[in-house]
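**Student:** One file is attached below, structure_39.cif, containing mmCIF, C-alpha atoms.
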data_coords
loop_
_atom_site.group_PDB
_atom_site.id
_atom_site.type_symbol
_atom_site.label_atom_id
_atom_site.label_comp_id
_atom_site.auth_asym_id
_atom_site.auth_seq_id
_atom_site.Cartn_x
_atom_site.Cartn_y
_atom_site.Cartn_z
ATOM 1 C CA MET A 1 10.403 -4.194 11.467
ATOM 2 C CA ALA A 2 12.952 -1.405 11.318
ATOM 3 C CA VAL A 3 15.155 -1.111 14.383
ATOM 4 C CA GLY A 4 18.004 1.180 15.284
ATOM 5 C CA LYS A 5 18.979 4.660 14.261
ATOM 6 C CA PHE A 6 18.431 6.291 10.878
ATOM 7 C CA GLY A 7 19.937 9.190 8.987
ATOM 8 C CA PRO A 8 19.009 11.431 6.054
ATOM 9 C CA ALA A 9 19.555 8.653 3.495
ATOM 10 C CA SER A 10 16.554 6.813 4.990
ATOM 11 C CA ALA A 11 13.952 9.480 4.228
ATOM 12 C CA PHE A 12 11.418 9.237 1.420
ATOM 13 C CA PHE A 13 8.583 11.585 0.534
ATOM 14 C CA PHE A 14 5.925 11.302 -2.188
ATOM 15 C CA VAL A 15 3.067 13.687 -2.978
ATOM 16 C CA ASP A 16 0.692 12.681 -5.790
ATOM 17 C CA GLY A 17 3.434 10.535 -7.284
ATOM 18 C CA PHE A 18 6.110 13.262 -7.192
ATOM 19 C CA ASN A 19 9.282 11.934 -5.558
ATOM 20 C CA LEU A 20 10.324 15.000 -3.609
ATOM 21 C CA ILE A 21 13.529 13.535 -2.208
ATOM 22 C CA SER A 22 14.955 14.050 -5.689
ATOM 23 C CA GLN A 23 14.563 17.798 -5.035
ATOM 24 C CA LYS A 24 17.317 17.592 -2.377
ATOM 25 C CA LEU A 25 15.226 18.687 0.601
ATOM 26 C CA LYS A 26 17.279 20.054 3.477
ATOM 27 C CA SER A 27 14.647 19.102 6.060
ATOM 28 C CA LEU A 28 11.392 17.185 6.307
ATOM 29 C CA ARG A 29 9.306 17.413 9.435
ATOM 30 C CA GLU A 30 6.233 15.363 10.268
ATOM 31 C CA LYS A 31 4.485 16.178 13.517
ATOM 32 C CA ALA A 32 1.431 14.519 15.046
ATOM 33 C CA THR A 33 -0.335 16.341 17.873
ATOM 34 C CA SER A 34 -3.111 15.270 20.177
ATOM 35 C CA PRO A 35 -4.502 18.361 21.918
ATOM 36 C CA VAL A 36 -5.249 17.974 25.613
ATOM 37 C CA GLU A 37 -7.505 19.924 27.932
ATOM 38 C CA ASP A 38 -6.291 20.930 31.360
ATOM 39 C CA LEU A 39 -8.780 19.467 33.828
ATOM 40 C CA THR A 40 -6.756 20.288 36.916
ATOM 41 C CA GLY A 41 -9.112 21.193 39.692
ATOM 42 C CA LEU A 42 -9.269 21.890 43.349
ATOM 43 C CA GLY A 43 -7.683 19.104 45.327
ATOM 44 C CA ASP A 44 -5.335 18.004 42.569
ATOM 45 C CA SER A 45 -1.665 18.112 43.487
ATOM 46 C CA SER A 46 -0.543 17.410 39.930
ATOM 47 C CA GLN A 47 -1.727 18.790 36.626
ATOM 48 C CA VAL A 48 -4.417 16.716 34.951
ATOM 49 C CA ASN A 49 -4.401 16.673 31.143
ATOM 50 C CA VAL A 50 -6.963 14.738 29.119
ATOM 51 C CA PRO A 51 -6.792 14.174 25.339
ATOM 52 C CA VAL A 52 -9.798 15.632 23.577
ATOM 53 C CA GLY A 53 -9.690 12.886 20.961
ATOM 54 C CA VAL A 54 -8.653 14.888 17.917
ATOM 55 C CA VAL A 55 -5.300 14.190 16.206
ATOM 56 C CA SER A 56 -3.782 16.893 14.041
ATOM 57 C CA SER A 57 -0.869 16.434 11.652
ATOM 58 C CA GLU A 58 1.582 18.860 10.160
ATOM 59 C CA VAL A 59 4.249 18.274 7.528
ATOM 60 C CA THR A 60 6.790 20.806 6.328
ATOM 61 C CA GLN A 61 9.631 20.513 3.839
ATOM 62 C CA GLU A 62 12.411 23.075 3.568
ATOM 63 C CA GLY A 63 15.321 23.855 1.318
ATOM 64 C CA ALA A 64 14.331 21.920 -1.805
ATOM 65 C CA TYR A 65 15.554 23.013 -5.220
ATOM 66 C CA PHE A 66 13.185 25.316 -7.070
ATOM 67 C CA ASP A 67 12.822 23.007 -10.091
ATOM 68 C CA THR A 68 10.587 23.764 -13.074
ATOM 69 C CA THR A 69 11.279 20.450 -14.860
ATOM 70 C CA ALA A 70 8.034 19.164 -16.339
ATOM 71 C CA THR A 71 6.408 16.176 -14.564
ATOM 72 C CA THR A 72 9.138 15.729 -11.956
ATOM 73 C CA GLY A 73 10.030 19.172 -10.634
ATOM 74 C CA GLY A 74 8.945 20.513 -7.241
ATOM 75 C CA HIS A 75 7.647 23.736 -8.766
ATOM 76 C CA VAL A 76 5.408 21.725 -11.085
ATOM 77 C CA ALA A 77 4.154 19.741 -8.074
ATOM 78 C CA PHE A 78 3.214 22.760 -5.985
ATOM 79 C CA ALA A 79 2.891 26.025 -7.910
ATOM 80 C CA GLY A 80 -0.488 25.173 -9.417
ATOM 81 C CA ASN A 81 -1.818 23.275 -6.424
ATOM 82 C CA ILE A 82 -2.341 25.927 -3.776
ATOM 83 C CA PRO A 83 -5.994 25.337 -2.806
ATOM 84 C CA THR A 84 -8.128 28.226 -4.040
ATOM 85 C CA SER A 85 -11.526 27.045 -2.872
ATOM 86 C CA SER A 86 -13.179 24.846 -0.296
ATOM 87 C CA GLN A 87 -13.695 22.308 -3.091
ATOM 88 C CA ALA A 88 -9.983 22.046 -3.842
ATOM 89 C CA SER A 89 -8.716 18.518 -4.479
ATOM 90 C CA GLN A 90 -6.852 16.802 -1.688
ATOM 91 C CA ARG A 91 -3.452 15.325 -2.373
ATOM 92 C CA VAL A 92 -2.111 11.889 -1.482
ATOM 93 C CA MET A 93 1.053 11.958 0.611
ATOM 94 C CA CYS A 94 3.347 9.218 1.893
ATOM 95 C CA LEU A 95 6.560 9.661 3.805
ATOM 96 C CA GLY A 96 8.998 7.677 5.889
ATOM 97 C CA MET A 97 12.145 8.273 7.865
ATOM 98 C CA SER A 98 13.504 4.735 8.310
ATOM 99 C CA GLY A 99 14.217 3.510 4.821
ATOM 100 C CA ASN A 100 12.504 2.305 1.656
ATOM 101 C CA THR A 101 12.325 -1.402 2.596
ATOM 102 C CA THR A 102 9.526 -3.984 2.800
ATOM 103 C CA GLY A 103 8.012 -4.081 6.284
ATOM 104 C CA TYR A 104 9.489 -0.765 7.375
ATOM 105 C CA PRO A 105 7.263 2.070 8.643
ATOM 106 C CA PHE A 106 5.649 4.726 6.509
ATOM 107 C CA VAL A 107 2.949 7.318 7.129
ATOM 108 C CA GLY A 108 0.158 8.245 4.749
ATOM 109 C CA PHE A 109 -2.356 11.060 5.075
ATOM 110 C CA LYS A 110 -6.017 10.967 4.168
ATOM 111 C CA GLY A 111 -6.370 14.541 2.952
ATOM 112 C CA THR A 112 -3.451 16.821 2.204
ATOM 113 C CA TYR A 113 -3.405 20.431 1.019
ATOM 114 C CA SER A 114 -0.112 22.052 0.034
ATOM 115 C CA ASN A 115 -1.382 25.337 1.344
ATOM 116 C CA GLU A 116 1.884 27.260 1.635
ATOM 117 C CA TYR A 117 4.493 27.412 -1.134
ATOM 118 C CA GLU A 118 7.466 29.688 -0.637
ATOM 119 C CA VAL A 119 10.237 30.370 -3.182
ATOM 120 C CA LEU A 120 13.522 31.872 -1.950
ATOM 121 C CA SER A 121 16.161 33.476 -4.143
ATOM 122 C CA GLU A 122 19.415 34.430 -2.399
ATOM 123 C CA SER A 123 22.727 35.807 -3.577
ATOM 124 C CA GLY A 124 25.302 33.035 -3.923
ATOM 125 C CA SER A 125 22.752 30.196 -3.707
ATOM 126 C CA LEU A 126 20.473 28.258 -5.964
ATOM 127 C CA THR A 127 16.821 29.213 -5.689
ATOM 128 C CA LYS A 128 15.079 27.096 -3.065
ATOM 129 C CA ALA A 129 11.469 26.307 -2.190
ATOM 130 C CA ASN A 130 9.627 25.491 1.033
ATOM 131 C CA VAL A 131 6.202 23.854 1.351
ATOM 132 C CA THR A 132 3.845 23.515 4.294
ATOM 133 C CA PHE A 133 1.084 20.948 4.188
ATOM 134 C CA ALA A 134 -2.206 21.079 6.048
ATOM 135 C CA MET A 135 -3.942 17.786 6.747
ATOM 136 C CA THR A 136 -7.612 17.008 6.955
ATOM 137 C CA GLY A 137 -8.522 13.523 8.030
ATOM 138 C CA SER A 138 -6.612 10.651 9.466
ATOM 139 C CA ARG A 139 -2.917 9.992 9.739
ATOM 140 C CA ASP A 140 -2.328 6.391 8.630
ATOM 141 C CA ALA A 141 0.783 4.743 10.064
ATOM 142 C CA GLY A 142 1.590 1.485 8.296
ATOM 143 C CA LYS A 143 4.191 -0.718 6.645
ATOM 144 C CA ILE A 144 5.805 -0.631 3.229
ATOM 145 C CA VAL A 145 4.558 -3.535 1.087
ATOM 146 C CA GLN A 146 6.210 -2.557 -2.220
ATOM 147 C CA PRO A 147 9.312 -0.374 -1.819
ATOM 148 C CA LEU A 148 9.770 2.237 -4.558
ATOM 149 C CA ALA A 149 11.254 0.315 -7.463
ATOM 150 C CA ALA A 150 11.235 0.349 -11.262
ATOM 151 C CA LYS A 151 9.592 -2.687 -12.876
ATOM 152 C CA THR A 152 9.610 -3.781 -16.503
ATOM 153 C CA SER A 153 7.181 -6.731 -16.276
ATOM 154 C CA SER A 154 4.325 -7.962 -14.068
ATOM 155 C CA TRP A 155 5.435 -8.938 -10.595
ATOM 156 C CA ASN A 156 4.338 -9.731 -7.042
ATOM 157 C CA THR A 157 5.887 -9.602 -3.581
ATOM 158 C CA GLU A 158 4.487 -12.905 -2.258
ATOM 159 C CA SER A 159 8.040 -14.119 -1.679
ATOM 160 C CA THR A 160 8.573 -11.199 0.758
ATOM 161 C CA PRO A 161 5.181 -10.459 2.293
ATOM 162 C CA VAL A 162 4.663 -8.175 5.275
ATOM 163 C CA ASP A 163 3.967 -10.468 8.223
ATOM 164 C CA ASN A 164 1.744 -8.945 10.913
ATOM 165 C CA THR A 165 1.930 -12.220 12.963
ATOM 166 C CA SER A 166 -1.877 -12.222 13.207
ATOM 167 C CA SER A 167 -4.923 -10.985 11.369
ATOM 168 C CA THR A 168 -6.733 -7.766 12.248
ATOM 169 C CA SER A 169 -10.409 -6.904 11.983
ATOM 170 C CA GLY A 170 -10.506 -3.106 11.693
ATOM 171 C CA GLY A 171 -9.905 -2.781 7.964
ATOM 172 C CA GLY A 172 -7.164 -0.517 6.644
ATOM 173 C CA VAL A 173 -5.883 1.880 4.011
ATOM 174 C CA GLY A 174 -3.699 1.221 1.005
ATOM 175 C CA TYR A 175 -1.494 3.881 -0.588
ATOM 176 C CA LEU A 176 -0.051 3.695 -4.096
ATOM 177 C CA GLN A 177 2.496 6.166 -5.462
ATOM 178 C CA CYS A 178 3.758 5.989 -9.047
ATOM 179 C CA THR A 179 6.649 8.324 -9.800
ATOM 180 C CA ALA A 180 7.376 7.341 -13.401
ATOM 181 C CA ALA A 181 5.825 5.287 -16.192
ATOM 182 C CA SER A 182 6.556 4.815 -19.867
ATOM 183 C CA GLY A 183 5.633 2.368 -22.592
ATOM 184 C CA PHE A 184 2.958 0.312 -20.845
ATOM 185 C CA SER A 185 -0.625 0.645 -22.028
ATOM 186 C CA ALA A 186 -2.071 -0.471 -18.686
ATOM 187 C CA PHE A 187 -1.017 -0.943 -15.074
ATOM 188 C CA THR A 188 -3.071 -2.188 -12.142
ATOM 189 C CA GLY A 189 -1.838 -2.698 -8.602
ATOM 190 C CA GLN A 190 -3.452 -4.960 -6.038
ATOM 191 C CA LEU A 191 -2.922 -5.528 -2.331
ATOM 192 C CA LYS A 192 -3.364 -9.183 -1.404
ATOM 193 C CA GLU A 193 -3.757 -11.041 1.882
ATOM 194 C CA SER A 194 -3.081 -14.547 3.108
ATOM 195 C CA SER A 195 -3.609 -16.435 6.340
ATOM 196 C CA ASP A 196 -1.181 -19.246 5.522
ATOM 197 C CA ASP A 197 1.441 -17.823 3.117
ATOM 198 C CA VAL A 198 0.074 -20.221 0.485
ATOM 199 C CA THR A 199 -3.106 -18.803 -1.062
ATOM 200 C CA TYR A 200 -3.485 -15.063 -1.604
ATOM 201 C CA ALA A 201 -6.708 -13.095 -2.067
ATOM 202 C CA THR A 202 -6.956 -9.549 -3.392
ATOM 203 C CA PHE A 203 -8.478 -7.058 -0.972
ATOM 204 C CA ILE A 204 -7.632 -3.705 -2.584
ATOM 205 C CA ASN A 205 -7.683 -2.988 -6.322
ATOM 206 C CA PHE A 206 -6.040 0.260 -7.375
ATOM 207 C CA SER A 207 -7.251 1.933 -10.561
ATOM 208 C CA ASN A 208 -5.675 1.265 -13.935
ATOM 209 C CA ASN A 209 -3.305 4.171 -14.653
ATOM 210 C CA VAL A 210 -0.087 4.734 -16.597
ATOM 211 C CA SER A 211 -0.027 8.559 -16.602
ATOM 212 C CA ALA A 212 2.693 9.280 -14.058
ATOM 213 C CA PRO A 213 3.130 10.883 -11.672
ATOM 214 C CA PHE A 214 -0.001 9.729 -9.862
ATOM 215 C CA ALA A 215 -1.095 8.426 -6.467
ATOM 216 C CA GLU A 216 -4.135 6.730 -4.999
ATOM 217 C CA ARG A 217 -5.501 6.090 -1.531
ATOM 218 C CA SER A 218 -8.000 3.259 -0.980
ATOM 219 C CA GLU A 219 -9.820 2.316 2.232
ATOM 220 C CA MET A 220 -11.292 -1.101 3.060
ATOM 221 C CA SER A 221 -13.163 -2.536 6.009
ATOM 222 C CA GLY A 222 -13.214 -5.895 7.753
ATOM 223 C CA THR A 223 -10.613 -8.582 8.335
ATOM 224 C CA VAL A 224 -7.111 -8.365 6.930
ATOM 225 C CA GLN A 225 -5.150 -11.605 7.201
ATOM 226 C CA ARG A 226 -1.666 -11.995 8.632
ATOM 227 C CA TYR A 227 0.363 -11.703 5.400
ATOM 228 C CA VAL A 228 0.059 -8.777 2.959
ATOM 229 C CA ALA A 229 1.692 -8.626 -0.474
ATOM 230 C CA PHE A 230 1.507 -6.474 -3.616
ATOM 231 C CA THR A 231 0.903 -7.484 -7.220
ATOM 232 C CA GLY A 232 1.593 -5.222 -10.179
ATOM 233 C CA THR A 233 0.138 -6.209 -13.556
ATOM 234 C CA VAL A 234 1.302 -4.409 -16.690
ATOM 235 C CA THR A 235 0.311 -4.619 -20.360
ATOM 236 C CA GLY A 236 2.775 -4.148 -23.187
ATOM 237 C CA SER A 237 6.432 -3.243 -22.723
ATOM 238 C CA GLY A 238 7.947 -0.380 -20.775
ATOM 239 C CA SER A 239 8.907 0.649 -17.258
ATOM 240 C CA ILE A 240 6.955 1.774 -14.201
ATOM 241 C CA THR A 241 8.217 2.953 -10.784
ATOM 242 C CA VAL A 242 5.852 2.190 -7.939
ATOM 243 C CA PHE A 243 5.590 2.367 -4.129
ATOM 244 C CA CYS A 244 2.818 0.776 -2.060
ATOM 245 C CA GLY A 245 2.131 0.800 1.645
ATOM 246 C CA PHE A 246 -0.698 -0.495 3.835
ATOM 247 C CA SER A 247 -1.924 0.768 7.159
ATOM 248 C CA ARG A 248 -4.054 -1.482 9.368
ATOM 249 C CA SER A 249 -6.737 0.308 11.340
ATOM 250 C CA MET G 1 -19.573 -29.476 -4.317
ATOM 251 C CA ARG G 2 -17.906 -26.562 -6.132
ATOM 252 C CA PHE G 3 -16.407 -23.353 -4.856
ATOM 253 C CA LYS G 4 -16.758 -19.874 -6.338
ATOM 254 C CA ALA G 5 -14.197 -17.157 -5.668
ATOM 255 C CA LEU G 6 -15.559 -13.833 -4.490
ATOM 256 C CA ARG G 7 -12.120 -12.182 -4.856
ATOM 257 C CA ASN G 8 -9.173 -12.683 -7.213
ATOM 258 C CA LEU G 9 -7.166 -15.632 -5.851
ATOM 259 C CA THR G 10 -3.752 -17.168 -6.485
ATOM 260 C CA TRP G 11 -2.466 -20.487 -5.100
ATOM 261 C CA PRO G 12 0.296 -23.052 -5.823
ATOM 262 C CA SER G 13 -0.367 -25.798 -8.350
ATOM 263 C CA PRO G 14 -0.784 -29.321 -6.900
ATOM 264 C CA ASP G 15 2.798 -30.208 -7.864
ATOM 265 C CA SER G 16 4.176 -27.006 -6.329
ATOM 266 C CA MET G 17 2.052 -27.403 -3.213
ATOM 267 C CA THR G 18 4.248 -30.271 -1.970
ATOM 268 C CA MET G 19 7.300 -28.029 -2.149
ATOM 269 C CA VAL G 20 5.502 -25.064 -0.556
ATOM 270 C CA LYS G 21 4.082 -27.199 2.248
ATOM 271 C CA ARG G 22 7.501 -28.668 3.021
ATOM 272 C CA ALA G 23 9.102 -25.223 3.126
ATOM 273 C CA GLY G 24 6.346 -23.791 5.311
ATOM 274 C CA GLY G 25 5.024 -21.184 2.912
ATOM 275 C CA ILE G 26 5.772 -19.323 -0.296
ATOM 276 C CA SER G 27 7.998 -16.799 1.487
ATOM 277 C CA LYS G 28 10.092 -19.682 2.902
ATOM 278 C CA LEU G 29 11.077 -21.048 -0.518
ATOM 279 C CA SER G 30 14.678 -20.799 -1.609
ATOM 280 C CA ASP G 31 15.523 -18.877 -4.781
ATOM 281 C CA GLU G 32 15.929 -22.180 -6.602
ATOM 282 C CA GLN G 33 12.563 -23.447 -5.394
ATOM 283 C CA ARG G 34 10.911 -20.170 -6.318
ATOM 284 C CA GLN G 35 12.075 -20.598 -9.909
ATOM 285 C CA LYS G 36 10.143 -23.898 -10.020
ATOM 286 C CA LEU G 37 7.004 -22.544 -8.356
ATOM 287 C CA VAL G 38 3.872 -22.712 -10.513
ATOM 288 C CA MET G 39 0.859 -20.684 -9.391
ATOM 289 C CA LYS G 40 -2.768 -20.997 -10.353
ATOM 290 C CA SER G 41 -5.153 -18.059 -10.379
ATOM 291 C CA CYS G 42 -8.837 -17.374 -10.455
ATOM 292 C CA LYS G 43 -10.673 -14.099 -10.971
ATOM 293 C CA ALA G 44 -13.569 -13.131 -8.734
ATOM 294 C CA GLY G 45 -16.677 -14.929 -9.910
ATOM 295 C CA GLY G 46 -14.861 -17.958 -11.236
ATOM 296 C CA PHE G 47 -14.666 -21.450 -9.829
ATOM 297 C CA CYS G 48 -11.655 -22.131 -7.579
ATOM 298 C CA ASP G 49 -12.018 -25.826 -6.799
ATOM 299 C CA GLY G 50 -8.235 -26.350 -6.953
ATOM 300 C CA VAL G 51 -7.457 -24.144 -3.943
ATOM 301 C CA PRO G 52 -5.590 -26.203 -1.304
ATOM 302 C CA GLU G 53 -7.910 -27.569 1.349
ATOM 303 C CA SER G 54 -5.881 -25.917 4.103
ATOM 304 C CA SER G 55 -6.479 -22.517 2.540
ATOM 305 C CA MET G 56 -10.141 -23.159 1.773
ATOM 306 C CA LYS G 57 -10.981 -23.095 5.464
ATOM 307 C CA TRP G 58 -9.909 -19.486 6.048
ATOM 308 C CA LEU G 59 -11.226 -18.362 2.682
ATOM 309 C CA LEU G 60 -14.687 -19.744 3.491
ATOM 310 C CA LYS G 61 -14.596 -18.347 7.006
ATOM 311 C CA GLN G 62 -13.742 -14.859 5.755
ATOM 312 C CA GLY G 63 -16.363 -15.027 3.029
ATOM 313 C CA LEU G 64 -13.852 -14.812 0.178
ATOM 314 C CA VAL G 65 -15.088 -18.100 -1.308
ATOM 315 C CA GLU G 66 -18.574 -19.564 -1.314
ATOM 316 C CA LYS G 67 -19.830 -23.105 -1.726
ATOM 317 C CA VAL G 68 -21.893 -23.508 -4.842
ATOM 318 C CA ASP G 69 -24.835 -25.878 -5.175
ATOM 319 C CA HIS G 70 -23.923 -28.878 -7.348
ATOM 320 C CA LEU G 71 -26.742 -27.998 -9.770
ATOM 321 C CA ASP G 72 -24.569 -25.174 -11.110
ATOM 322 C CA ARG G 73 -22.495 -27.776 -12.949
ATOM 323 C CA LYS G 74 -23.425 -28.595 -16.510
ATOM 324 C CA LYS G 75 -25.747 -31.543 -16.346
ATOM 325 C CA LYS G 76 -24.606 -34.835 -17.869
ATOM 326 C CA VAL G 77 -26.879 -36.648 -20.288
ATOM 327 C CA GLY G 78 -29.664 -38.277 -18.322
ATOM 328 C CA GLU G 79 -28.868 -36.383 -15.123
ATOM 329 C CA GLU G 80 -31.899 -34.979 -13.343
#
What's the structure tokens form of this structure?
**Tutor:**
Amino acid sequence: MAVGKFGPASAFFFVDGFNLISQKLKSLREKATSPVEDLTGLGDSSQVNVPVGVVSSEVTQEGAYFDTTATTGGHVAFAGNIPTSSQASQRVMCLGMSGNTTGYPFVGFKGTYSNEYEVLSESGSLTKANVTFAMTGSRDAGKIVQPLAAKTSSWNTESTPVDNTSSTSGGGVGYLQCTAASGFSAFTGQLKESSDDVTYATFINFSNNVSAPFAERSEMSGTVQRYVAFTGTVTGSGSITVFCGFSRS
Amino acid sequence: MRFKALRNLTWPSPDSMTMVKRAGGISKLSDEQRQKLVMKSCKAGGFCDGVPESSMKWLLKQGLVEKVDHLDRKKKVGEE
């Protein structure tokens, strides 16, 4: 578990497989709010606030380069993805502020719309872009199982699993972000669990995909054992850059 | 009695299991030990009789493995 203080070098931010930190963001803000209702009444000497049970999330990024590079640029990630109808596709977002390391915290969001995209051109400066994201659905706080890393052959993280110290019974959500891929004809990622750090069983299978950038969110129900690890299986020769996190419910 | 995996499984080979057991788990192996580690695997739907007995308990309890009636084995000549 991450402890201590963190600075700008510890931030990471992925949307649909786009690694937005590479766009040199000047700020990234993630805010979770639980609205409360004021139930203060006659006879109360102190204000009484009660959560109404709805959590809202807001993420904003500011000061990124306006980058039109195909497949990796921020403009490519956002210009064509302003939702234009109620049936607009939701995006898969993961971010963290305490480092890209196994076992460290990350946050994923169930449904993300990049509903505001602002481009700024100023004298004496490079053109910048700001994005505001609206969330629909849950905010999933979890742990990094596979830190973002480039791989050139099949691998697993069973030697460095995330240890929750005990099993949980509320299911969970797995997030996969792939920022780059080349050469391989197939790639599948799996989240695996173990009670004893000896035998591992798959509990989430991500879809086969090698067309980066891409991301996937997968929910599961029931028991999740103490240890969680990631397996990446590739076919052919090439390179793939992948991040995976899991949030227990 | 045979066991059928209901999920993809991986586990140490019998020879590796001694090393893993002594270390206290796969994540406790040294780099040198990890180089010698041999793992077995089984896809969902296949037989996983080689899974260590200590692991079989939690796998059965969680419903990730099921006991299969002995009649599922190929019958030997003369077997009824």
**Student:** Near chain A, meaning an atom within 6 Å, which residues of chain G appear when counting all atoms listed in the file? Write them as a list in words.
**Tutor:** Arg7, Asn8, Leu9, Thr10, Trp11, Gly25, Ile26 and Ser27 of chain G
**Student:** What's the 9 Å shell around Cys94 in chain A, counting all atoms listed in the file, without same-chain residues fewer than 4 positions away, as a list in words?
**Tutor:**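 Skipping anything fewer than 4 positions along the chain leaves Phe12, Phe13, Phe14, Val15, Asp16, Phe106, Val107, Gly108, Phe109, Tyr175, Leu176, Gln177 and Gly245 of chain A.
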**Student:** Could you put an axis-aligned box around every listed atom of range 223-228 of chain A, padded by 6 Å on each side, and send me its centre and edge lengths in Å to one decimal, as JSON?
**Tutor:**
{"center_x": -5.1, "center_y": -10.2, "center_z": 5.8, "size_x": 23.0, "size_y": 15.6, "size_z": 17.7}
**Student:** Work out how far CA of Val242 in chain A is from CA of Glu58 in chain A, in Å to one decimal.
**Tutor:**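 Separation of CA of Glu58 in chain A and CA of Val242 in chain A: 25.0 Å.
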**Student:** Could you expand the PyMOL selection byres ((chain G and resi 42) around 8) into the explicit residues it covers here, written as JSON, numbers by chain?
**Tutor:** {"G": [5, 8, 9, 10, 40, 41, 43, 44, 46, 47, 48]}
